[in-house]
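Since the structure comes first, as structure tokens, the remarks are kept for the end.
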Amino acid sequence: MSNKEQSAFIRAIGNDNSLPIEKAAVDLWVKDLDNPFRWTLRPILQFLFAILLHLTWFFKRLPLPQFSGHSLLQKMICWFCKNLVSPEANLLILRHFSTESNVINFLAENSGKEVVVDLYPKCVDDMMRDTFVKHDQELFNAFYHLGDAKDAQKIAHTKLKWKHWQKIDMKAFELDRKLTQVIDFETAHALFMCLFCFLLKRDEYRDAINGFNLDQSIAIRIGRIIGKPEIVEMAYNKYPHYLVGPWNLSQRFLMHGFFTEYLYAELESIRNDAMSTSKEGE
């Protein structure tokens with residue numbers, strides 16, 4: 001869609017760089033917002049899926065034998081991504097694995113911890129290995145081993161460590177585009193969240209939807225390391241000690257995605273500045 005056809009607000013947010021977020025991510029999101037199915041199909045499906053999600057949540061909380069289907073879950077999600085989910089949404093999903101892996105690796109390395117998250121899928125098929133379930137468990141395991149928040153101390157930007165940092169290159173992502181790929185990001189998530197709830201054990205799903213609330217803790221620690229405590233304001237999801245259910249899940253998930261994009265862009269900017277300073281000093 002050309003700039004002339006976009007609404008004034010969409011043009012404004014597409015051009016605003018007040019928040020740290022890469023232009024590639026903004027362009028993908030703006031295009032996803034202009035997906036006609038987002039404004040026609042999504043409200044209906046999101047309403048129906050929200051009802052289904054809460055019914056599934058209630059069923060899974062009953063004192064019945066628990067079951068899960070991780071492999072089936074991965075296969076179904078990847079099939080939907082390859083055949084029905086829009087290219088923009090797929091790229092945003094792939095980016096999220098990389099942004100969160102980078103953020104956790106940066107935090108661990110600069111807190112003196114030997115923790116490495118290696119989830120950097122480059123195509124939809126990679127997500128069969130770099131699984132959505134593994135993504136959550138890697139985050140929880142890494143955060144458990146981060147230990148005392150006092151270990152997160154301010155470090156001069158030129159002395160920050162970036163050993164496990166992987167710069168996101170949009171050209172490295174591989175997608176086979178199909179005419180049937182029309183579902184926007186939020187509609188896709190509405191569908192996925194029902195599958196997650198049904199095919200994970202109740203505690204696995206409870207942990208997954210509460211994992212977003214670690215955003216505040218991550219922001220506090222990284223803010224101390226880079227000397228910018230104000231970045232905690234980027235965290236929409238907060239207070240991990242208060243466990244929540246699936247209410248408002250779509251928005252919390254979306255804001256978690258924005259949070260990791262914000263932190264990635266902020267840290268990438270610091271890394272580039274530090275590299276430039278090092279070259280000038282040589």
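Residues are referred to by chain and number: the chain letter is A, B, ... according to the order shown in the structure tokens, the number counts from 1 in that chain, and ligands are numbered separately from 1 in the order shown.
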Identify, on the basis of only C-alpha atoms, every residue whose closest approach to segment 8-17 of chain A does not exceed 12 Å; exclude the query and any residue fewer than 5 positions from it along the same chain; express the result as a PyMOL selection string. chain A and resi 1-3+22-34+262+265-266
Please build the interface table for segment 174-210 of chain A against segment 239-258 of chain A with a cut-off of 9 Å, listing for each qualifying residue the nearest atom pair and the distance in Å to one decimal; count only C-alpha atoms, order rows by chain and increasing number, and write it as CSV.
residue,atom,partner,partner_atom,distance
A:Glu186,CA,A:Ser250,CA,7.1
A:His189,CA,A:Ser250,CA,7.0
A:Ala190,CA,A:Ser250,CA,6.8
A:Met193,CA,A:Ser250,CA,8.4
A:Arg206,CA,A:Gly245,CA,7.1
A:Asp207,CA,A:Leu243,CA,8.6
A:Ile209,CA,A:Pro246,CA,7.0
A:Asn210,CA,A:Leu243,CA,6.2
Of the listed residues A:Phe198, A:Val103, A:Ala219, A:Asp203, that which approaches Leu53 of chain A most closely, counting only C-alpha atoms: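 Going through A:Phe198, A:Val103, A:Ala219, A:Asp203 one by one, the smallest distance to Leu53 of chain A is for A:Phe198.
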From the options A:Lys201, A:Arg42, A:Lys163, A:Lys238, which residue's atoms come nearest to Gln66 of chain A, counting only C-alpha atoms?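 Ranked by minimum distance to Gln66 of chain A, first place goes to A:Lys201.
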Distance of atom CA of Phe67 of chain A from atom CA of Leu199 of chain A, expressed in Å to one decimal place: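 A separation of 7.2 Å between them.
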Atom-to-atom span, atom CA of Arg202 of chain A and atom CA of His135 of chain A, Å: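 Those two atoms sit 17.2 Å apart.
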I'd like the contact shell of Leu267 of chain A - 10 Å cut-off, only C-alpha atoms, skipping same-chain residues fewer than 6 positions apart - returned as a PyMOL selection string. chain A and resi 20+102-103+106+157+162+165+222+226+261+273
Those residues with N, CA, C and O atoms, as a CSV table (one decimal), in the first residue's frame please?
chain,number,residue,atom,x,y,z
A,20,PRO,N,13.0,3.0,20.5
A,20,PRO,CA,14.0,2.2,19.8
A,20,PRO,C,13.4,1.0,19.2
A,20,PRO,O,13.1,0.0,19.9
A,102,ASN,N,18.8,-12.8,21.9
A,102,ASN,CA,19.9,-11.8,22.0
A,102,ASN,C,19.8,-11.1,23.4
A,102,ASN,O,20.8,-10.9,24.0
A,103,VAL,N,18.6,-10.7,23.7
A,103,VAL,CA,18.4,-10.0,25.0
A,103,VAL,C,18.8,-10.9,26.2
A,103,VAL,O,19.6,-10.4,27.1
A,106,PHE,N,22.7,-11.4,26.1
A,106,PHE,CA,23.4,-10.2,26.6
A,106,PHE,C,23.3,-10.1,28.1
A,106,PHE,O,24.3,-9.8,28.7
A,157,HIS,N,30.0,1.1,28.2
A,157,HIS,CA,29.5,0.6,26.9
A,157,HIS,C,30.6,0.0,26.1
A,157,HIS,O,30.4,-1.0,25.4
A,162,TRP,N,29.6,-9.1,23.9
A,162,TRP,CA,28.6,-9.4,22.8
A,162,TRP,C,28.9,-10.7,22.1
A,162,TRP,O,28.6,-11.0,21.0
A,165,TRP,N,25.9,-12.5,20.8
A,165,TRP,CA,24.9,-11.6,20.1
A,165,TRP,C,24.9,-11.9,18.6
A,165,TRP,O,26.0,-12.0,18.0
A,222,ILE,N,18.9,-5.2,32.8
A,222,ILE,CA,19.6,-4.6,31.7
A,222,ILE,C,19.7,-3.1,31.8
A,222,ILE,O,20.8,-2.5,31.5
A,226,ILE,N,23.4,-1.1,31.5
A,226,ILE,CA,23.8,-0.1,30.5
A,226,ILE,C,23.6,1.3,31.0
A,226,ILE,O,23.8,2.3,30.3
A,261,GLU,N,11.6,-6.2,20.9
A,261,GLU,CA,12.1,-5.4,19.7
A,261,GLU,C,12.7,-4.2,20.2
A,261,GLU,O,13.8,-3.7,19.7
A,273,ASP,N,27.6,1.8,18.4
A,273,ASP,CA,28.3,3.0,18.9
A,273,ASP,C,29.6,2.5,19.5
A,273,ASP,O,30.7,3.2,19.3
Using only C-alpha atoms, which of A:Lys60, A:Arg221, A:Lys171, A:Lys178 sits nearest Ser86 of chain A?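 Closest candidate: A:Lys178.
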List the spatial neighbours of Thr56 of chain A as JSON, numbers by chain - criterion: any atom at most 10 Å away, only C-alpha atoms, same-chain residues fewer than 5 positions off excluded. {"A": [50, 51, 61, 194, 195, 196, 197, 198]}
Write out as number ranges by chain the set of residues from segment 212-277 of chain A that DSSP, computed on the backbone, places in helix (DSSP H, G or I). A: 212-226, 229-234, 249-277
